[in-house]
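**Q** Provided below: my_file.txt, containing compact mmCIF, C-alpha atoms.
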```txt
# COMPACT_ATOMS: atom_id res chain seq x y z
CA MET T 1 -3.69 -33.86 -49.73
CA ASP T 2 0.08 -33.40 -49.49
CA ALA T 3 1.52 -35.40 -46.60
CA GLN T 4 3.29 -32.33 -45.23
CA CYS T 5 -0.08 -30.64 -44.79
CA LEU T 6 -1.00 -33.26 -42.19
CA ARG T 7 2.00 -32.64 -39.95
CA TYR T 8 0.74 -29.90 -37.60
CA ILE T 9 -3.03 -29.51 -37.44
CA SER T 10 -5.21 -26.95 -35.69
CA ALA T 11 -8.16 -28.92 -34.32
CA PRO T 12 -11.86 -28.16 -34.88
CA MET T 13 -13.13 -26.38 -31.76
CA VAL T 14 -16.67 -25.22 -31.04
CA ASN T 15 -16.95 -21.44 -31.53
CA GLN T 16 -13.14 -21.15 -31.51
CA SER T 17 -12.04 -22.22 -35.00
CA ASP T 18 -12.91 -18.87 -36.55
CA PHE T 19 -11.09 -17.50 -39.59
CA GLY T 20 -8.89 -15.10 -37.61
CA PHE T 21 -7.71 -17.79 -35.22
CA ARG T 22 -7.08 -20.26 -38.04
CA LEU T 23 -5.05 -17.62 -39.83
CA LEU T 24 -3.07 -16.91 -36.67
CA THR T 25 -2.15 -20.57 -36.22
CA ARG T 26 -1.20 -20.88 -39.90
CA LYS T 27 1.17 -17.93 -39.47
CA TYR T 28 2.85 -19.84 -36.65
CA ASN T 29 3.48 -23.13 -38.47
CA ALA T 30 0.14 -24.96 -38.43
CA THR T 31 0.11 -26.81 -41.74
CA LEU T 32 -3.64 -27.47 -41.80
CA THR T 33 -6.66 -26.01 -40.03
CA TYR T 34 -10.24 -27.18 -39.48
CA THR T 35 -13.45 -25.24 -39.24
CA GLN T 36 -15.56 -25.91 -36.21
CA MET T 37 -18.11 -28.71 -36.53
CA LEU T 38 -20.88 -27.56 -38.88
CA ASP T 39 -24.45 -28.83 -38.92
CA PRO T 40 -25.27 -30.04 -42.46
CA GLN T 41 -29.02 -29.70 -41.88
CA ARG T 42 -28.58 -26.00 -41.08
CA LEU T 43 -26.38 -25.58 -44.15
CA VAL T 44 -29.38 -26.72 -46.16
CA ASP T 45 -32.21 -25.03 -44.25
CA ASP T 46 -30.75 -21.89 -42.66
CA LYS T 47 -29.67 -19.26 -45.18
CA ASP T 48 -28.02 -17.02 -42.59
CA TYR T 49 -26.04 -19.93 -41.17
CA LEU T 50 -24.87 -20.95 -44.64
CA GLU T 51 -23.90 -17.41 -45.64
CA PHE T 52 -21.99 -16.84 -42.40
CA HIS T 53 -19.81 -19.90 -42.95
CA LEU T 54 -19.45 -19.38 -46.70
CA ARG T 55 -18.17 -15.86 -45.99
CA ASP T 56 -15.54 -17.43 -43.77
CA LEU T 57 -14.58 -19.96 -46.44
CA HIS T 58 -14.58 -17.39 -49.22
CA LEU T 59 -11.81 -15.51 -47.42
CA THR T 60 -9.66 -18.63 -47.54
CA ARG T 61 -8.99 -18.17 -51.25
CA GLN T 62 -8.25 -14.46 -50.79
CA VAL T 63 -5.45 -14.89 -48.25
CA ASP T 64 -2.30 -16.60 -49.49
CA TYR T 65 -1.56 -18.62 -46.37
CA ALA T 66 -5.14 -19.44 -45.31
CA SER T 67 -5.26 -22.76 -47.18
CA PRO T 68 -5.58 -25.64 -46.68
CA VAL T 69 -8.75 -25.86 -44.58
CA VAL T 70 -10.96 -28.81 -43.71
CA VAL T 71 -14.70 -28.39 -43.20
CA GLN T 72 -15.98 -30.67 -40.46
CA LEU T 73 -19.56 -31.96 -40.60
CA CYS T 74 -21.59 -33.93 -38.08
CA GLY T 75 -24.70 -36.07 -38.32
CA ASN T 76 -26.06 -39.60 -38.56
CA ASN T 77 -27.99 -39.42 -41.83
CA PRO T 78 -25.92 -39.96 -45.01
CA GLN T 79 -28.23 -37.98 -47.29
CA THR T 80 -28.37 -35.01 -44.94
CA ILE T 81 -24.58 -34.89 -44.68
CA VAL T 82 -24.20 -35.18 -48.44
CA ASP T 83 -26.77 -32.43 -49.05
CA GLY T 84 -25.09 -30.13 -46.55
CA GLY T 85 -21.63 -30.89 -47.90
CA ARG T 86 -22.76 -30.11 -51.42
CA LYS T 87 -23.80 -26.65 -50.27
CA ILE T 88 -20.17 -26.03 -49.41
CA GLN T 89 -18.90 -27.91 -52.45
CA ALA T 90 -21.18 -25.97 -54.79
CA PHE T 91 -19.54 -22.80 -53.59
CA CYS T 92 -16.16 -24.28 -54.49
CA ASP T 93 -17.14 -25.47 -57.96
CA GLY T 94 -16.94 -21.96 -59.31
CA ILE T 95 -13.30 -21.65 -58.34
CA GLY T 96 -11.99 -23.72 -61.20
CA PRO T 97 -10.43 -27.11 -61.89
CA PHE T 98 -7.71 -26.59 -59.27
CA ILE T 99 -10.19 -27.87 -56.71
CA TYR T 100 -9.34 -31.38 -57.87
CA LEU T 101 -5.62 -31.01 -57.26
CA PHE T 102 -5.67 -30.70 -53.47
CA ILE T 103 -2.35 -28.81 -53.55
CA CYS T 104 -1.35 -27.76 -50.06
CA PHE T 105 -0.71 -24.05 -50.45
CA ALA T 106 -2.82 -23.22 -53.52
CA SER T 107 -4.69 -20.11 -52.44
CA VAL T 108 -7.42 -20.69 -55.02
CA LEU T 109 -8.74 -23.61 -52.99
CA ILE T 110 -11.42 -23.21 -50.37
CA VAL T 111 -12.71 -26.52 -49.06
CA GLU T 112 -10.08 -29.19 -49.67
CA VAL T 113 -11.42 -31.93 -47.41
CA VAL T 114 -14.70 -32.70 -45.69
CA ASP T 115 -14.30 -34.34 -42.27
CA LEU T 116 -16.85 -36.44 -40.38
CA ASN T 117 -16.89 -35.79 -36.64
CA LEU T 118 -17.06 -39.12 -34.81
CA GLY T 119 -15.44 -37.85 -31.64
CA CYS T 120 -17.54 -35.06 -30.15
CA PRO T 121 -18.27 -36.00 -26.51
CA GLN T 122 -20.54 -33.11 -25.58
CA GLU T 123 -24.06 -33.55 -24.24
CA HIS T 124 -25.73 -32.18 -27.37
CA ALA T 125 -23.96 -34.90 -29.38
CA ARG T 126 -25.31 -37.56 -27.04
CA ALA T 127 -28.84 -36.12 -27.33
CA ARG T 128 -28.70 -36.15 -31.14
CA HIS T 129 -26.83 -39.48 -31.34
CA ILE T 130 -23.98 -38.00 -33.36
CA GLY T 131 -20.23 -37.46 -32.91
CA GLY T 132 -18.58 -39.81 -30.43
CA TYR T 133 -21.90 -41.49 -29.67
CA LEU T 134 -21.75 -43.34 -32.99
CA LEU T 135 -18.72 -45.40 -31.94
CA SER T 136 -20.50 -48.40 -30.42
CA ARG T 137 -20.30 -51.48 -32.61
CA LYS T 138 -24.03 -51.48 -33.31
CA ASP T 139 -23.60 -48.10 -35.03
CA TRP T 140 -20.63 -49.05 -37.18
CA PRO T 141 -22.76 -49.82 -40.26
CA THR T 142 -24.19 -46.31 -39.99
CA VAL T 143 -20.71 -44.83 -39.69
CA GLU T 144 -19.52 -46.80 -42.70
CA SER T 145 -22.48 -45.61 -44.75
CA LEU T 146 -21.76 -42.00 -43.74
CA VAL T 147 -18.12 -42.16 -44.81
CA GLY T 148 -18.99 -44.11 -47.93
CA ALA T 149 -21.67 -41.63 -48.99
CA MET T 150 -19.34 -38.70 -48.42
CA SER T 151 -16.35 -40.21 -50.20
CA HIS T 152 -18.47 -41.07 -53.24
CA SER T 153 -20.41 -37.80 -53.36
CA PHE T 154 -17.73 -35.12 -52.93
CA VAL T 155 -14.92 -34.11 -55.27
CA VAL T 156 -12.74 -33.47 -52.23
CA PRO T 157 -11.42 -36.17 -49.87
CA THR T 158 -13.32 -37.37 -46.82
CA SER T 159 -11.59 -37.86 -43.48
CA ALA T 160 -12.89 -38.92 -40.06
CA LYS T 161 -12.05 -37.89 -36.51
CA ILE T 162 -12.79 -40.57 -33.92
CA ARG T 163 -12.25 -41.49 -30.27
CA LEU T 164 -11.52 -44.86 -28.73
CA CYS T 165 -14.15 -47.55 -29.04
CA GLN T 166 -15.16 -49.93 -26.26
CA PRO T 167 -13.06 -51.99 -25.80
CA ALA T 168 -10.13 -49.86 -26.97
CA PRO T 169 -8.50 -52.52 -29.23
CA SER T 170 -11.66 -52.60 -31.38
CA THR T 171 -10.74 -49.09 -32.55
CA VAL T 172 -8.36 -50.67 -35.05
CA GLU T 173 -11.20 -52.69 -36.55
CA LEU T 174 -13.36 -49.59 -36.93
CA GLY T 175 -10.43 -47.74 -38.48
CA SER T 176 -9.96 -50.51 -41.03
CA ARG T 177 -13.64 -50.37 -41.92
CA LEU T 178 -13.51 -46.59 -42.34
CA GLU T 179 -10.47 -46.93 -44.58
CA ALA T 180 -12.36 -49.46 -46.71
CA ALA T 181 -15.36 -47.08 -46.83
CA GLY T 182 -13.20 -44.36 -48.38
CA ALA T 183 -11.65 -42.28 -45.58
CA ALA T 184 -8.54 -40.46 -46.83
CA TRP T 185 -7.09 -40.29 -43.31
CA ILE T 186 -8.21 -40.83 -39.72
CA THR T 187 -7.57 -38.68 -36.67
CA LEU T 188 -7.68 -40.53 -33.35
CA HIS T 189 -8.24 -38.71 -30.06
CA ALA T 190 -7.15 -41.63 -27.92
CA ARG T 191 -9.60 -41.19 -25.07
CA HIS T 192 -13.04 -42.70 -24.54
CA VAL T 193 -16.16 -40.59 -24.98
CA SER T 194 -17.49 -38.94 -21.82
CA ALA T 195 -19.87 -35.99 -21.73
CA THR T 196 -18.93 -35.14 -18.15
CA ARG T 197 -15.15 -35.62 -18.24
CA ARG T 198 -13.94 -35.15 -21.79
CA ARG T 199 -10.24 -35.42 -20.88
CA LYS T 200 -10.23 -37.87 -18.00
CA GLY T 201 -6.70 -39.22 -17.76
CA ALA T 202 -4.00 -39.21 -20.39
CA ALA T 203 -4.69 -40.15 -23.99
CA ASP T 204 -3.63 -43.74 -24.74
CA LEU T 205 -1.03 -43.09 -27.41
CA GLN T 206 -0.34 -46.81 -27.74
CA GLN T 207 -3.76 -47.08 -29.41
CA VAL T 208 -2.69 -44.45 -31.94
CA LYS T 209 0.41 -46.52 -32.73
CA LEU T 210 -1.70 -49.67 -33.13
CA LEU T 211 -4.01 -47.86 -35.53
CA LYS T 212 -1.10 -46.40 -37.49
CA ASP T 213 0.54 -49.83 -37.79
CA SER T 214 -2.71 -51.38 -39.04
CA LEU T 215 -3.79 -48.91 -41.73
CA SER T 216 -2.34 -47.85 -45.06
CA ILE T 217 -3.87 -44.35 -44.94
CA PRO T 218 -2.41 -41.54 -42.80
CA VAL T 219 -3.23 -41.51 -39.08
CA ILE T 220 -3.20 -38.31 -37.02
CA SER T 221 -2.62 -38.33 -33.26
CA ASN T 222 -4.72 -36.06 -31.04
CA GLY T 223 -4.07 -35.72 -27.30
CA ASN T 224 -1.36 -35.32 -24.64
CA VAL T 225 0.12 -32.11 -26.05
CA LYS T 226 0.71 -29.30 -23.57
CA SER T 227 4.03 -27.96 -24.83
CA PRO T 228 6.03 -27.90 -28.09
CA ALA T 229 8.21 -30.73 -26.79
CA ASP T 230 5.12 -32.91 -26.42
CA ILE T 231 4.45 -32.71 -30.15
CA ALA T 232 7.77 -34.30 -31.12
CA ARG T 233 7.41 -36.86 -28.33
CA ASN T 234 3.89 -37.74 -29.46
CA LEU T 235 4.91 -38.25 -33.09
CA GLU T 236 7.93 -40.33 -32.13
CA GLU T 237 5.94 -42.56 -29.78
CA THR T 238 3.02 -43.17 -32.15
CA GLY T 239 4.65 -43.02 -35.57
CA ALA T 240 1.64 -40.94 -36.61
CA ASP T 241 1.73 -38.84 -39.76
CA GLY T 242 0.83 -35.69 -37.86
CA ALA T 243 -0.33 -34.18 -34.60
CA MET T 244 -3.62 -32.38 -34.05
CA VAL T 245 -3.72 -29.87 -31.17
CA GLY T 246 -6.79 -28.20 -29.70
CA GLU T 247 -6.96 -26.64 -26.25
CA SER T 248 -3.21 -26.13 -25.88
CA LEU T 249 -3.29 -24.18 -29.15
CA LEU T 250 -5.98 -21.92 -27.70
CA ARG T 251 -3.60 -20.98 -24.92
CA ASN T 252 -0.53 -20.74 -27.11
CA PRO T 253 -1.26 -20.35 -30.84
CA CYS T 254 2.51 -20.43 -31.50
CA ILE T 255 2.99 -23.95 -30.11
CA PHE T 256 3.83 -25.39 -33.55
CA ALA T 257 6.53 -22.72 -33.90
CA ASP T 258 8.10 -23.81 -30.59
CA SER T 259 7.68 -20.36 -29.08
CA LEU T 260 5.72 -18.62 -26.34
CA PRO T 261 4.45 -15.19 -27.38
CA ASP T 262 3.85 -12.22 -25.14
CA PRO T 263 0.16 -12.46 -24.20
CA VAL T 264 -0.68 -8.85 -25.06
CA THR T 265 1.27 -8.93 -28.32
CA ILE T 266 -0.44 -12.11 -29.54
CA SER T 267 -3.83 -10.78 -28.39
CA LEU T 268 -3.37 -7.61 -30.43
CA GLU T 269 -2.19 -9.66 -33.40
CA TYR T 270 -5.34 -11.77 -33.28
CA LEU T 271 -7.47 -8.66 -32.78
CA ALA T 272 -5.85 -7.16 -35.88
CA LEU T 273 -6.97 -10.16 -37.95
CA CYS T 274 -10.53 -9.87 -36.62
CA CYS T 275 -10.57 -6.22 -37.64
CA GLN T 276 -9.04 -6.93 -41.03
CA TYR T 277 -11.66 -9.60 -41.71
CA PRO T 278 -14.81 -8.36 -39.94
CA GLY T 279 -17.86 -10.53 -39.53
CA THR T 280 -15.95 -13.82 -39.26
CA ALA T 281 -16.09 -14.07 -35.46
CA THR T 282 -18.60 -12.98 -32.85
CA LEU T 283 -17.60 -10.64 -30.05
CA GLU T 284 -17.99 -13.52 -27.60
CA THR T 285 -15.59 -15.69 -29.63
CA ILE T 286 -13.03 -12.89 -29.75
CA GLN T 287 -13.28 -12.27 -26.01
CA THR T 288 -12.81 -15.99 -25.32
CA HIS T 289 -9.65 -16.14 -27.42
CA ILE T 290 -8.20 -13.05 -25.71
CA ARG T 291 -9.02 -14.53 -22.30
CA HIS T 292 -7.21 -17.77 -23.18
CA PHE T 293 -4.10 -15.93 -24.38
CA VAL T 294 -3.82 -13.83 -21.24
CA GLU T 295 -4.94 -16.52 -18.80
CA PHE T 296 -2.26 -18.98 -19.90
CA GLN T 297 0.56 -16.79 -18.60
CA CYS T 298 -1.16 -14.41 -16.18
CA GLU T 299 -3.85 -16.40 -14.37
CA ARG T 300 -2.02 -16.16 -11.04
CA ARG T 301 -1.48 -12.41 -11.24
CA PRO T 302 -3.50 -10.40 -8.68
CA TRP T 303 -5.12 -8.35 -11.43
CA TYR T 304 -6.35 -11.32 -13.50
CA LYS T 305 -9.89 -11.43 -12.07
CA LYS T 306 -10.25 -7.69 -12.74
CA PHE T 307 -9.07 -8.30 -16.30
CA ARG T 308 -11.71 -11.01 -16.85
CA SER T 309 -14.43 -8.74 -15.53
CA ASP T 310 -13.33 -5.82 -17.69
CA LEU T 311 -12.99 -8.04 -20.75
CA SER T 312 -16.54 -9.34 -20.37
CA SER T 313 -17.75 -5.74 -20.18
CA CYS T 314 -16.18 -4.77 -23.52
CA THR T 315 -18.71 -4.16 -26.27
CA THR T 316 -16.40 -3.28 -29.18
CA LEU T 317 -12.98 -4.26 -30.48
CA ASN T 318 -11.80 -0.77 -29.56
CA ASP T 319 -12.74 -1.52 -25.96
CA ILE T 320 -10.68 -4.72 -26.00
CA SER T 321 -7.73 -2.97 -27.60
CA HIS T 322 -7.81 -0.21 -24.99
CA LEU T 323 -8.00 -2.77 -22.18
CA LEU T 324 -4.95 -4.60 -23.47
CA ARG T 325 -2.80 -1.63 -24.43
CA PHE T 326 -3.46 0.48 -21.36
CA LYS T 327 -4.87 -1.39 -18.39
CA VAL T 328 -3.19 -4.77 -18.81
CA GLU T 329 0.19 -3.25 -19.64
CA ARG T 330 -0.08 -0.95 -16.63
CA TRP T 331 -1.00 -3.89 -14.37
CA ARG T 332 2.02 -5.77 -15.72
CA GLY T 333 4.31 -2.81 -14.99
CA ARG T 334 5.15 -2.38 -18.65
CA PRO T 335 5.12 0.72 -20.88
CA LEU T 336 1.66 1.54 -22.21
CA ILE T 337 1.14 0.97 -25.91
CA ILE T 338 0.21 4.56 -26.74
CA ASP T 339 0.64 4.42 -30.49
CA PRO T 340 -2.40 3.07 -32.33
CA PRO T 341 -2.02 -0.59 -33.24
CA PRO T 342 -1.18 -1.23 -36.91
CA PHE T 343 -4.75 -1.94 -37.93
CA HIS T 344 -8.02 -0.15 -38.37
CA LEU T 345 -10.69 -0.81 -35.77
CA ALA T 346 -13.65 0.17 -37.89
CA GLY T 347 -14.90 -3.37 -38.41
CA GLU T 348 -16.84 -4.73 -35.43
CA PRO T 349 -18.27 -8.25 -35.13
CA GLN T 350 -21.93 -8.75 -35.70
CA GLU T 351 -23.91 -8.71 -32.49
CA SER T 352 -26.44 -11.42 -33.20
CA GLN T 353 -24.36 -14.28 -34.60
CA GLU T 354 -24.28 -16.45 -31.50
CA ASN T 355 -26.53 -18.99 -33.16
CA LEU T 356 -24.44 -19.11 -36.32
CA GLY T 357 -21.37 -20.71 -34.74
```
The structure given in the file should be rewritten as structure tokens.
**A**
Amino acid sequence: MDAQCLRYISAPMVNQSDFGFRLLTRKYNATLTYTQMLDPQRLVDDKDYLEFHLRDLHLTRQVDYASPVVVQLCGNNPQTIVDGGRKIQAFCDGIGPFIYLFICFASVLIVEVVDLNLGCPQEHARARHIGGYLLSRKDWPTVESLVGAMSHSFVVPTSAKIRLCQPAPSTVELGSRLEAAGAAWITLHARHVSATRRRKGAADLQQVKLLKDSLSIPVISNGNVKSPADIARNLEETGADGAMVGESLLRNPCIFADSLPDPVTISLEYLALCCQYPGTATLETIQTHIRHFVEFQCERRPWYKKFRSDLSSCTTLNDISHLLRFKVERWRGRPLIIDPPPFHLAGEPQESQENLG
């Protein structure tokens, strides 16, 4: 993977790292995007689940600026992760020998890296003993076997996304062991795992610097970014090879471009991508993205609660477009967008994909 690809990364986010959103962030200077965390067991056992995500990945080779993309897997069983990863890899094998080159902007590539999620703090991860709940020292041999199995079984690199261990300085030791197991790079979200308060306090960027200074592979910093200025500050403070941004990117998908878009304009731009590439996001996912875009700049407006209610009542992309172009613009005291948007609204998201995300 070209080092420049690791500079500005769109994080994996549950039900929010859809193709349209990834494409939007790539347009505004993200150099690398991740899929949401995928369940390798379902990739093996659930045909609909596999086809839904392969459809997403197939589009990556059809759009010039969609690559590179990292598929993120979760789990605690090496064979299950390898079997699931091979389902994705098998789809790539038909693309040609370029899959071995890992060139940053080669549009023929689909899956360029497989990432192991060792940072998810959510309750379902605790229940399944996956994600961030594999970071205790007693589980390190399991983690090493996972990374080792992946790095030896896939023709694409393996990376890992982790959180701080207990105690925090032991994170460096785990990072060194993951590097030895075959990780191509490590992303550190420098907070401890908590299912109830995922972002309690500021991320400890000093731990990112310690990890970066201790490893020979690239280290990516995740955390403490709320504005474009924070990105440069984060990279300078940690010396990291790149910055990964999640929730702040949901609010402002242009953060890597150091700009703040008009909320209606960026909403319609995202909606255009969803219409151009139908079936890659559920209606609920699309509504959530639109809500984030508008909420970030308009949450304190007197009409915002009415907007949220009306948005949740939309049943088609046409409904959302009408809400944005007419109602929201009228509430903002701006000219209505009468002319049809520059995209066709024929494609609507599938209605029963909520279990495929």
**Q** Using only C-alpha atoms, which residue out of T:Ser170, T:Thr316, T:Ser309, T:Thr25 lies closest to Ser248 (chain T)?
**A**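 Smallest separation from Ser248 (chain T) among the options: T:Thr25.
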**Q** Calculated over only C-alpha atoms, which of the candidates T:Ile231, T:Ile320, T:Ala3, T:Ile88 has the smallest distance to Phe256 (chain T)?
**A**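 Once distances to Phe256 (chain T) are computed over only C-alpha atoms, the minimum belongs to T:Ile231.
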**Q** Pick from T:Val264, T:Asp48, T:Pro167, T:Pro218: nearest to Pro335 (chain T), with all atoms listed in the file counted?
**A** T:Val264
**Q** Within 10 Å of (3.6, -39.2, -33.6), in the coordinates the file gives, what residues turn up when you count all atoms listed in the file, written out as a list in words?
**A**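 Residues satisfying the cut-off, written out: Arg7, Leu205, Val208, Lys209, Lys212, Val219, Ile220, Ser221, Asn222, Asp230, Ile231, Ala232, Arg233, Asn234, Leu235, Glu236, Glu237, Thr238, Gly239, Ala240, Asp241, Gly242, Ala243 and Met244 of chain T.
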**Q** Return the single residue from T:Ile290, T:Leu146, T:Ala229, T:Val328 that is closest to Ala257 (chain T), with distances computed using only C-alpha atoms.
**A**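 Counting only C-alpha atoms, the residue closest to Ala257 (chain T) is T:Ala229.
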**Q** So what do you get for CA of Leu38 (chain T) versus CA of Ile81 (chain T), distance-wise?
**A**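 According to the coordinates, CA of Leu38 (chain T) and CA of Ile81 (chain T) are separated by 10.1 Å.
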**Q** Just the number, please: distance in Å from CA of Met13 (chain T) to CA of Met37 (chain T), one decimal.
**A**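 Going from CA of Met13 (chain T) over to CA of Met37 (chain T), I get 7.3 Å.
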**Q** In Å, rounded to a single decimal, give me how far CA of Glu299 (chain T) is from CA of Asp204 (chain T).
**A**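 So the answer is 29.2 Å.
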**Q** Do you know which residues lie at most 9 Å from (-15.9, -46.5, -45.4), with coordinates as in the file and only C-alpha atoms counted, and could you write them as number ranges by chain?
**A** T: 143-149, 151, 175-183
**Q** Which residues come within 9 Å of Arg137 (chain T), counting all atoms listed in the file, excluding same-chain residues fewer than 3 positions away, as a compact mmCIF listing (two decimals) with C-alpha atoms, in the coordinates of the input?
**A**
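Result went into part-v3.txt, see below:
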```txt
# COMPACT_ATOMS: atom_id res chain seq x y z
CA LEU T 134 -21.75 -43.34 -32.99
CA TRP T 140 -20.63 -49.05 -37.18
CA PRO T 141 -22.76 -49.82 -40.26
CA CYS T 165 -14.15 -47.55 -29.04
CA GLN T 166 -15.16 -49.93 -26.26
CA SER T 170 -11.66 -52.60 -31.38
CA LEU T 174 -13.36 -49.59 -36.93
```
**Q** Looking at all atoms listed in the file, which of T:Leu317, T:Leu210, T:Cys5, T:Leu249 is the one that sits closest to Thr285 (chain T)?
**A**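 Among the listed residues, the smallest separation from Thr285 (chain T) belongs to T:Leu317.
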**Q** Considering only C-alpha atoms, return as number ranges by chain whatever protein or nucleic-acid residues lie within 7 Å of Phe293 (chain T), sequence-local ones (same chain, fewer than 2 positions apart) excluded.
**A** T: 251-252, 263, 267, 289-291, 295-296
**Q** Pick out the residues sitting within 7 Å of Tyr34 (chain T), and hand them over as a list of chain:residue names; count only C-alpha atoms, and ignore anything fewer than 5 positions along from it in its own chain.
**A** T:Ser10, T:Ala11, T:Pro12, T:Ser17, T:Val69, T:Val70, T:Val71, T:Gln72
**Q** Could you check which of T:Ser216, T:Ser312, T:Thr282, T:Gln41 is closest to Arg86 (chain T), using only C-alpha atoms?
**A**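 Of T:Ser216, T:Ser312, T:Thr282, T:Gln41, the one nearest Arg86 (chain T) is T:Gln41, counting only C-alpha atoms.
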